[in-house]
Amino acid sequence: MPQYREMTDGERNYYERRAPEYDDWYLGTGLFEGRERPGWHAEVEALRARLRELSMHSVLDVACGTGFLTQHLAGRVAGLDQSWGMLRIARGRVPGGRVLQGDALRLPFRGAAFECLMAAHFYGHLDTAMRAQFLAEARRVGQRVLIVDAARREDVPAEEEQERVLQDGSRHTVYKRYFEPEQLATELGGARVLHAGRWFVAAMT
């Protein structure tokens with residue numbers, strides 16, 4: 001069994017500080033305004049449309065953040081995140097669902113509680129031990145697992161330590177991986193690729 005690691009105070013601080021500006025990354029506003037990302041907005045919409053097409057009775061969105069993608073899921077929806085700042089925003093976007101604070105590596109749900117467990121832009125921040133811990137929990141709680149993450153491109157390495165700067169000027173170091181579609185599908189144990197774009201990949205078991 002891999003060793004369990006709690007989120008550090010620095011990581012918690014980063015996500016709390018980032019909550020008010022998190023959607024800027026999707027929307028191309030704030031610090032992301034003017035950034036060259038060809039086809040970005042069209043692909044964000046394509047990803048949201050793909051999620052709306054999924055027919056599921058119940059979904060748990062782990063590390064749901066502000067609920068930017070969560071709001072497009074059908075069925076009984078629950079969102080879970082460590083950050084209260086993120087959840088305050090998500091709560092307004094998922095009015096008919098349940099939004100709660102919790103640990104993605106120790107999910108507070110019984111086995112097979114949801115038809116699907118989704119995690120968007122979370123899996124790629126986990127190191128080897130944490131990935132094993134998370135996937136074990138995801139498979140325990142969700143009958144299916146859907147991962148959405150960043151696509152591997154020629155201008156980025158497969159993995160790196162990134163320095164991220166927020167609007168308040170604070171600097172934070174974040175571990176980040178990028179995925180080829182088939183690589184992600186294989187890591188998930190033979191998943192089906194749902195989206196393979198320049199910016200995003202998605203695969204479901």
# chains A, B, ... in the order shown; residues from 1 in each chain; ligands from 1

call {"tool": "residues_around", "arguments": {"residues": "Val174 of chain A", "least_positions_apart": "2", "cutoff": "9 Å", "atoms": "only C-alpha atoms", "output": "list in words"}}
result
Glu11, His125, Glu160, Glu161, Gln162, Glu163, Arg164, His172 and Lys176 of chain A

call {"tool": "write_last_selection", "arguments": {"atoms": "N, CA and C atoms", "output": "mmCIF file, in the first residue's frame"}}
result
data_model
loop_
_atom_site.group_PDB
_atom_site.id
_atom_site.type_symbol
_atom_site.label_atom_id
_atom_site.label_comp_id
_atom_site.auth_asym_id
_atom_site.auth_seq_id
_atom_site.Cartn_x
_atom_site.Cartn_y
_atom_site.Cartn_z
ATOM 1 N N GLU A 11 0.144 23.924 -0.275
ATOM 2 C CA GLU A 11 -0.807 23.546 -1.315
ATOM 3 C C GLU A 11 -2.198 24.075 -0.988
ATOM 4 N N HIS A 125 -1.651 16.193 -11.102
ATOM 5 C CA HIS A 125 -0.870 16.818 -10.038
ATOM 6 C C HIS A 125 -0.381 15.804 -9.000
ATOM 7 N N GLU A 160 6.727 18.231 -14.952
ATOM 8 C CA GLU A 160 7.603 19.315 -14.524
ATOM 9 C C GLU A 160 7.105 19.917 -13.211
ATOM 10 N N GLU A 161 7.989 20.654 -12.571
ATOM 11 C CA GLU A 161 7.623 21.497 -11.440
ATOM 12 C C GLU A 161 7.397 22.895 -11.992
ATOM 13 N N GLN A 162 6.186 23.400 -11.855
ATOM 14 C CA GLN A 162 5.847 24.711 -12.402
ATOM 15 C C GLN A 162 5.809 25.766 -11.303
ATOM 16 N N GLU A 163 6.277 26.962 -11.620
ATOM 17 C CA GLU A 163 6.055 28.087 -10.726
ATOM 18 C C GLU A 163 4.836 28.849 -11.228
ATOM 19 N N ARG A 164 3.865 29.018 -10.373
ATOM 20 C CA ARG A 164 2.646 29.720 -10.746
ATOM 21 C C ARG A 164 2.527 31.005 -9.934
ATOM 22 N N HIS A 172 3.924 30.065 -6.327
ATOM 23 C CA HIS A 172 3.680 28.727 -5.805
ATOM 24 C C HIS A 172 4.257 27.695 -6.759
ATOM 25 N N LYS A 176 3.209 18.985 -12.150
ATOM 26 C CA LYS A 176 2.246 18.876 -13.233
ATOM 27 C C LYS A 176 2.694 17.856 -14.263
#

call {"tool": "residues_around", "arguments": {"residues": "Ile147 of chain A", "least_positions_apart": "4", "cutoff": "12 Å", "atoms": "only C-alpha atoms", "output": "JSON, numbers by chain"}}
result
{"A": [51, 60, 61, 62, 63, 64, 116, 117, 118, 119, 120, 121, 122, 123, 124, 131, 134, 135, 138, 151, 179, 181, 184, 185, 186, 187, 188, 191, 192, 193, 194, 195, 200, 201, 202, 203, 204, 205]}

call {"tool": "closest_residue", "arguments": {"among": "A:Asp103, A:Glu16, A:Arg48, A:Asp23", "to": "Leu87 of chain A", "atoms": "only C-alpha atoms"}}
result
A:Glu16

call {"tool": "select_by_dssp", "arguments": {"residues": "segment 20-175 of chain A", "states": "alpha helix (DSSP H)", "output": "ChimeraX atom specification"}}
result
/A:23-27,40-53,84-93,128-141

call {"tool": "write_last_selection", "arguments": {"atoms": "N, CA and C atoms", "output": "short mmCIF file (atom, residue, chain, number, x, y, z; two decimals), in the first residue's frame"}}
result
data_model
loop_
_atom_site.label_atom_id
_atom_site.label_comp_id
_atom_site.auth_asym_id
_atom_site.auth_seq_id
_atom_site.Cartn_x
_atom_site.Cartn_y
_atom_site.Cartn_z
N ASP A 23 -11.29 30.47 -12.55
CA ASP A 23 -11.99 30.37 -13.84
C ASP A 23 -11.32 31.20 -14.94
N ASP A 24 -10.44 32.12 -14.56
CA ASP A 24 -9.73 32.90 -15.58
C ASP A 24 -8.96 31.98 -16.53
N TRP A 25 -8.47 30.86 -16.01
CA TRP A 25 -7.72 29.90 -16.83
C TRP A 25 -8.61 29.35 -17.94
N TYR A 26 -9.84 28.99 -17.62
CA TYR A 26 -10.79 28.50 -18.62
C TYR A 26 -11.26 29.61 -19.56
N LEU A 27 -11.54 30.78 -18.99
CA LEU A 27 -12.19 31.85 -19.74
C LEU A 27 -11.23 32.73 -20.52
N TRP A 40 -8.31 27.30 -28.09
CA TRP A 40 -8.61 27.03 -26.68
C TRP A 40 -10.10 27.13 -26.38
N HIS A 41 -10.72 28.24 -26.73
CA HIS A 41 -12.12 28.46 -26.35
C HIS A 41 -13.04 27.44 -27.01
N ALA A 42 -12.76 27.10 -28.26
CA ALA A 42 -13.58 26.09 -28.95
C ALA A 42 -13.42 24.74 -28.27
N GLU A 43 -12.22 24.42 -27.81
CA GLU A 43 -12.03 23.12 -27.18
C GLU A 43 -12.62 23.06 -25.77
N VAL A 44 -12.59 24.17 -25.05
CA VAL A 44 -13.28 24.22 -23.75
C VAL A 44 -14.76 23.92 -23.95
N GLU A 45 -15.37 24.54 -24.96
CA GLU A 45 -16.78 24.30 -25.22
C GLU A 45 -17.03 22.87 -25.67
N ALA A 46 -16.13 22.31 -26.48
CA ALA A 46 -16.27 20.92 -26.92
C ALA A 46 -16.19 19.97 -25.74
N LEU A 47 -15.32 20.26 -24.79
CA LEU A 47 -15.21 19.42 -23.60
C LEU A 47 -16.48 19.51 -22.76
N ARG A 48 -16.99 20.71 -22.57
CA ARG A 48 -18.23 20.87 -21.81
C ARG A 48 -19.39 20.15 -22.50
N ALA A 49 -19.45 20.25 -23.82
CA ALA A 49 -20.50 19.56 -24.56
C ALA A 49 -20.38 18.05 -24.41
N ARG A 50 -19.16 17.55 -24.41
CA ARG A 50 -18.94 16.10 -24.25
C ARG A 50 -19.43 15.64 -22.89
N LEU A 51 -19.20 16.44 -21.86
CA LEU A 51 -19.68 16.08 -20.53
C LEU A 51 -21.20 16.10 -20.47
N ARG A 52 -21.81 17.07 -21.15
CA ARG A 52 -23.28 17.14 -21.14
C ARG A 52 -23.91 15.95 -21.84
N GLU A 53 -23.18 15.34 -22.77
CA GLU A 53 -23.70 14.19 -23.51
C GLU A 53 -23.72 12.91 -22.69
N TRP A 84 -12.31 25.59 0.75
CA TRP A 84 -13.59 26.25 1.00
C TRP A 84 -13.83 27.36 -0.01
N GLY A 85 -12.77 28.07 -0.39
CA GLY A 85 -12.92 29.13 -1.38
C GLY A 85 -13.46 28.62 -2.69
N MET A 86 -12.95 27.49 -3.15
CA MET A 86 -13.46 26.86 -4.38
C MET A 86 -14.92 26.45 -4.19
N LEU A 87 -15.22 25.83 -3.06
CA LEU A 87 -16.55 25.29 -2.83
C LEU A 87 -17.61 26.39 -2.73
N ARG A 88 -17.25 27.53 -2.22
CA ARG A 88 -18.22 28.63 -2.14
C ARG A 88 -18.71 29.02 -3.53
N ILE A 89 -17.82 28.97 -4.50
CA ILE A 89 -18.21 29.27 -5.88
C ILE A 89 -18.97 28.10 -6.49
N ALA A 90 -18.48 26.89 -6.26
CA ALA A 90 -19.12 25.69 -6.83
C ALA A 90 -20.55 25.53 -6.33
N ARG A 91 -20.80 25.90 -5.10
CA ARG A 91 -22.13 25.70 -4.53
C ARG A 91 -23.20 26.45 -5.33
N GLY A 92 -22.86 27.61 -5.85
CA GLY A 92 -23.82 28.36 -6.65
C GLY A 92 -24.03 27.80 -8.03
N ARG A 93 -23.12 26.95 -8.48
CA ARG A 93 -23.22 26.38 -9.82
C ARG A 93 -23.87 25.01 -9.83
N THR A 128 3.56 9.43 -7.89
CA THR A 128 3.29 8.01 -8.11
C THR A 128 2.48 7.39 -6.98
N ALA A 129 2.90 7.63 -5.75
CA ALA A 129 2.20 7.04 -4.60
C ALA A 129 0.78 7.58 -4.48
N MET A 130 0.63 8.88 -4.68
CA MET A 130 -0.69 9.49 -4.57
C MET A 130 -1.62 9.02 -5.68
N ARG A 131 -1.07 8.79 -6.87
CA ARG A 131 -1.90 8.27 -7.97
C ARG A 131 -2.49 6.91 -7.61
N ALA A 132 -1.66 6.04 -7.06
CA ALA A 132 -2.13 4.71 -6.68
C ALA A 132 -3.21 4.81 -5.61
N GLN A 133 -2.99 5.69 -4.63
CA GLN A 133 -3.97 5.88 -3.56
C GLN A 133 -5.29 6.41 -4.12
N PHE A 134 -5.18 7.41 -4.99
CA PHE A 134 -6.39 8.01 -5.55
C PHE A 134 -7.18 7.03 -6.40
N LEU A 135 -6.51 6.30 -7.28
CA LEU A 135 -7.21 5.37 -8.16
C LEU A 135 -7.87 4.25 -7.36
N ALA A 136 -7.24 3.82 -6.28
CA ALA A 136 -7.86 2.81 -5.43
C ALA A 136 -9.16 3.34 -4.83
N GLU A 137 -9.13 4.57 -4.35
CA GLU A 137 -10.32 5.19 -3.79
C GLU A 137 -11.37 5.45 -4.87
N ALA A 138 -10.93 5.92 -6.02
CA ALA A 138 -11.86 6.21 -7.11
C ALA A 138 -12.61 4.95 -7.53
N ARG A 139 -11.89 3.85 -7.66
CA ARG A 139 -12.51 2.59 -8.08
C ARG A 139 -13.38 1.99 -6.98
N ARG A 140 -13.08 2.32 -5.74
CA ARG A 140 -13.92 1.84 -4.64
C ARG A 140 -15.26 2.56 -4.64
N VAL A 141 -15.26 3.86 -4.88
CA VAL A 141 -16.45 4.69 -4.75
C VAL A 141 -17.25 4.78 -6.05
#

call {"tool": "select_by_dssp", "arguments": {"residues": "segment 21-83 of chain A", "states": "strand (DSSP E)", "output": "list in words"}}
result
Ser58, Val59, Leu60, Asp61, Val62, Arg76, Val77, Ala78, Gly79, Leu80 and Asp81 of chain A

call {"tool": "write_last_selection", "arguments": {"atoms": "N, CA and C atoms", "output": "CSV table (one decimal), in the first residue's frame"}}
result
chain,number,residue,atom,x,y,z
A,58,SER,N,-25.6,9.1,-11.4
A,58,SER,CA,-25.0,9.8,-10.3
A,58,SER,C,-23.5,10.0,-10.6
A,59,VAL,N,-23.0,11.1,-10.2
A,59,VAL,CA,-21.6,11.5,-10.5
A,59,VAL,C,-21.0,12.2,-9.3
A,60,LEU,N,-19.8,11.8,-8.9
A,60,LEU,CA,-19.0,12.5,-7.9
A,60,LEU,C,-17.8,13.2,-8.6
A,61,ASP,N,-17.8,14.5,-8.5
A,61,ASP,CA,-16.7,15.2,-9.1
A,61,ASP,C,-15.7,15.5,-8.0
A,62,VAL,N,-14.5,14.8,-8.1
A,62,VAL,CA,-13.5,15.0,-7.0
A,62,VAL,C,-12.5,16.1,-7.4
A,76,ARG,N,-27.6,12.8,-10.5
A,76,ARG,CA,-27.4,13.2,-9.1
A,76,ARG,C,-25.9,13.5,-9.0
A,77,VAL,N,-25.6,14.8,-8.7
A,77,VAL,CA,-24.2,15.3,-8.8
A,77,VAL,C,-23.7,15.7,-7.4
A,78,ALA,N,-22.5,15.3,-7.1
A,78,ALA,CA,-21.9,15.8,-5.8
A,78,ALA,C,-20.5,16.3,-6.2
A,79,GLY,N,-20.1,17.4,-5.6
A,79,GLY,CA,-18.7,17.9,-5.8
A,79,GLY,C,-18.0,17.9,-4.5
A,80,LEU,N,-16.7,17.5,-4.6
A,80,LEU,CA,-15.9,17.5,-3.4
A,80,LEU,C,-14.6,18.2,-3.7
A,81,ASP,N,-14.1,19.0,-2.7
A,81,ASP,CA,-12.9,19.7,-2.8
A,81,ASP,C,-12.3,20.0,-1.4

call {"tool": "closest_residue", "arguments": {"among": "A:Glu154, A:Arg171, A:His57, A:Thr8", "to": "Gly142 of chain A", "atoms": "only C-alpha atoms"}}
result
A:His57

call {"tool": "closest_residue", "arguments": {"among": "A:Ala19, A:Pro108, A:Val94, A:Glu159", "to": "Asp127 of chain A", "atoms": "only C-alpha atoms"}}
result
A:Glu159

call {"tool": "closest_residue", "arguments": {"among": "A:Glu180, A:Glu36, A:Asp9, A:Asp168", "to": "Ala150 of chain A", "atoms": "only C-alpha atoms"}}
result
A:Glu180

call {"tool": "atom_distance", "arguments": {"atom1": "atom CA of Phe32 of chain A", "atom2": "atom CA of His72 of chain A"}}
result
22.9 Å

call {"tool": "atom_distance", "arguments": {"atom1": "atom CA of Gly65 of chain A", "atom2": "atom CA of Arg98 of chain A"}}
result
13.5 Å

call {"tool": "decode", "arguments": {"residues": "segment 161-202 of chain A", "atoms": "N, CA and C atoms", "output": "JSON list (two decimals), in the first residue's frame"}}
result
[["chain", "number", "residue", "atom", "x", "y", "z"],
["A", 161, "GLU", "N", 7.99, 20.65, -12.57],
["A", 161, "GLU", "CA", 7.62, 21.50, -11.44],
["A", 161, "GLU", "C", 7.40, 22.90, -11.99],
["A", 162, "GLN", "N", 6.19, 23.40, -11.85],
["A", 162, "GLN", "CA", 5.85, 24.71, -12.40],
["A", 162, "GLN", "C", 5.81, 25.77, -11.30],
["A", 163, "GLU", "N", 6.28, 26.96, -11.62],
["A", 163, "GLU", "CA", 6.05, 28.09, -10.73],
["A", 163, "GLU", "C", 4.84, 28.85, -11.23],
["A", 164, "ARG", "N", 3.87, 29.02, -10.37],
["A", 164, "ARG", "CA", 2.65, 29.72, -10.75],
["A", 164, "ARG", "C", 2.53, 31.00, -9.93],
["A", 165, "VAL", "N", 2.19, 32.08, -10.62],
["A", 165, "VAL", "CA", 2.06, 33.39, -10.00],
["A", 165, "VAL", "C", 0.60, 33.79, -10.01],
["A", 166, "LEU", "N", 0.08, 34.22, -8.88],
["A", 166, "LEU", "CA", -1.31, 34.65, -8.77],
["A", 166, "LEU", "C", -1.40, 36.17, -8.85],
["A", 167, "GLN", "N", -2.61, 36.67, -8.93],
["A", 167, "GLN", "CA", -2.82, 38.10, -9.10],
["A", 167, "GLN", "C", -2.31, 38.91, -7.92],
["A", 168, "ASP", "N", -2.23, 38.28, -6.75],
["A", 168, "ASP", "CA", -1.71, 39.00, -5.59],
["A", 168, "ASP", "C", -0.18, 39.00, -5.56],
["A", 169, "GLY", "N", 0.45, 38.42, -6.58],
["A", 169, "GLY", "CA", 1.90, 38.40, -6.66],
["A", 169, "GLY", "C", 2.55, 37.21, -5.99],
["A", 170, "SER", "N", 1.77, 36.39, -5.29],
["A", 170, "SER", "CA", 2.34, 35.23, -4.61],
["A", 170, "SER", "C", 2.78, 34.18, -5.63],
["A", 171, "ARG", "N", 3.84, 33.45, -5.28],
["A", 171, "ARG", "CA", 4.41, 32.43, -6.17],
["A", 171, "ARG", "C", 4.30, 31.06, -5.51],
["A", 172, "HIS", "N", 3.92, 30.06, -6.33],
["A", 172, "HIS", "CA", 3.68, 28.73, -5.81],
["A", 172, "HIS", "C", 4.26, 27.70, -6.76],
["A", 173, "THR", "N", 4.81, 26.63, -6.21],
["A", 173, "THR", "CA", 5.37, 25.55, -7.02],
["A", 173, "THR", "C", 4.37, 24.39, -7.07],
["A", 174, "VAL", "N", 4.07, 23.92, -8.28],
["A", 174, "VAL", "CA", 3.07, 22.88, -8.50],
["A", 174, "VAL", "C", 3.65, 21.79, -9.40],
["A", 175, "TYR", "N", 3.47, 20.54, -9.00],
["A", 175, "TYR", "CA", 3.88, 19.41, -9.83],
["A", 175, "TYR", "C", 2.80, 19.19, -10.89],
["A", 176, "LYS", "N", 3.21, 18.99, -12.15],
["A", 176, "LYS", "CA", 2.25, 18.88, -13.23],
["A", 176, "LYS", "C", 2.69, 17.86, -14.26],
["A", 177, "ARG", "N", 1.75, 17.00, -14.70],
["A", 177, "ARG", "CA", 1.98, 16.06, -15.79],
["A", 177, "ARG", "C", 1.06, 16.39, -16.96],
["A", 178, "TYR", "N", 1.50, 16.00, -18.18],
["A", 178, "TYR", "CA", 0.70, 16.14, -19.39],
["A", 178, "TYR", "C", 0.58, 14.76, -20.03],
["A", 179, "PHE", "N", -0.55, 14.50, -20.71],
["A", 179, "PHE", "CA", -0.87, 13.14, -21.14],
["A", 179, "PHE", "C", -1.15, 13.02, -22.63],
["A", 180, "GLU", "N", -0.61, 11.97, -23.23],
["A", 180, "GLU", "CA", -1.09, 11.49, -24.51],
["A", 180, "GLU", "C", -2.39, 10.73, -24.22],
["A", 181, "PRO", "N", -3.38, 10.78, -25.13],
["A", 181, "PRO", "CA", -4.66, 10.11, -24.86],
["A", 181, "PRO", "C", -4.52, 8.63, -24.50],
["A", 182, "GLU", "N", -3.76, 7.90, -25.30],
["A", 182, "GLU", "CA", -3.63, 6.46, -25.03],
["A", 182, "GLU", "C", -2.84, 6.18, -23.76],
["A", 183, "GLN", "N", -1.91, 7.06, -23.44],
["A", 183, "GLN", "CA", -1.16, 6.91, -22.19],
["A", 183, "GLN", "C", -2.10, 6.99, -20.99],
["A", 184, "LEU", "N", -2.98, 7.99, -21.01],
["A", 184, "LEU", "CA", -3.94, 8.13, -19.92],
["A", 184, "LEU", "C", -4.87, 6.93, -19.86],
["A", 185, "ALA", "N", -5.36, 6.49, -21.01],
["A", 185, "ALA", "CA", -6.27, 5.34, -21.05],
["A", 185, "ALA", "C", -5.59, 4.10, -20.48],
["A", 186, "THR", "N", -4.32, 3.91, -20.80],
["A", 186, "THR", "CA", -3.58, 2.74, -20.30],
["A", 186, "THR", "C", -3.36, 2.84, -18.80],
["A", 187, "GLU", "N", -3.01, 4.02, -18.30],
["A", 187, "GLU", "CA", -2.81, 4.19, -16.86],
["A", 187, "GLU", "C", -4.08, 3.87, -16.07],
["A", 188, "LEU", "N", -5.21, 4.12, -16.69],
["A", 188, "LEU", "CA", -6.48, 3.86, -16.00],
["A", 188, "LEU", "C", -6.93, 2.42, -16.17],
["A", 189, "GLY", "N", -6.13, 1.61, -16.83],
["A", 189, "GLY", "CA", -6.44, 0.19, -16.94],
["A", 189, "GLY", "C", -7.29, -0.15, -18.15],
["A", 190, "GLY", "N", -6.98, 0.46, -19.28],
["A", 190, "GLY", "CA", -7.73, 0.16, -20.49],
["A", 190, "GLY", "C", -8.99, 0.97, -20.63],
["A", 191, "ALA", "N", -8.92, 2.25, -20.30],
["A", 191, "ALA", "CA", -10.08, 3.14, -20.40],
["A", 191, "ALA", "C", -10.37, 3.49, -21.86],
["A", 192, "ARG", "N", -11.56, 4.05, -22.07],
["A", 192, "ARG", "CA", -11.96, 4.51, -23.40],
["A", 192, "ARG", "C", -11.70, 6.01, -23.50],
["A", 193, "VAL", "N", -11.03, 6.44, -24.56],
["A", 193, "VAL", "CA", -10.74, 7.85, -24.75],
["A", 193, "VAL", "C", -12.02, 8.57, -25.20],
["A", 194, "LEU", "N", -12.41, 9.60, -24.45],
["A", 194, "LEU", "CA", -13.61, 10.37, -24.77],
["A", 194, "LEU", "C", -13.29, 11.68, -25.49],
["A", 195, "HIS", "N", -12.12, 12.20, -25.22],
["A", 195, "HIS", "CA", -11.73, 13.46, -25.85],
["A", 195, "HIS", "C", -10.21, 13.45, -26.02],
["A", 196, "ALA", "N", -9.76, 13.81, -27.21],
["A", 196, "ALA", "CA", -8.32, 13.87, -27.49],
["A", 196, "ALA", "C", -8.07, 15.14, -28.30],
["A", 197, "GLY", "N", -7.72, 16.22, -27.61],
["A", 197, "GLY", "CA", -7.54, 17.48, -28.29],
["A", 197, "GLY", "C", -6.14, 18.03, -28.10],
["A", 198, "ARG", "N", -5.96, 19.24, -28.56],
["A", 198, "ARG", "CA", -4.65, 19.90, -28.38],
["A", 198, "ARG", "C", -4.42, 20.26, -26.92],
["A", 199, "TRP", "N", -5.50, 20.60, -26.20],
["A", 199, "TRP", "CA", -5.36, 21.13, -24.85],
["A", 199, "TRP", "C", -5.81, 20.16, -23.76],
["A", 200, "PHE", "N", -6.78, 19.31, -24.07],
["A", 200, "PHE", "CA", -7.35, 18.42, -23.06],
["A", 200, "PHE", "C", -7.42, 16.98, -23.55],
["A", 201, "VAL", "N", -7.36, 16.06, -22.60],
["A", 201, "VAL", "CA", -7.65, 14.66, -22.87],
["A", 201, "VAL", "C", -8.65, 14.19, -21.81],
["A", 202, "ALA", "N", -9.46, 13.21, -22.18],
["A", 202, "ALA", "CA", -10.41, 12.63, -21.24],
["A", 202, "ALA", "C", -10.56, 11.15, -21.55]]
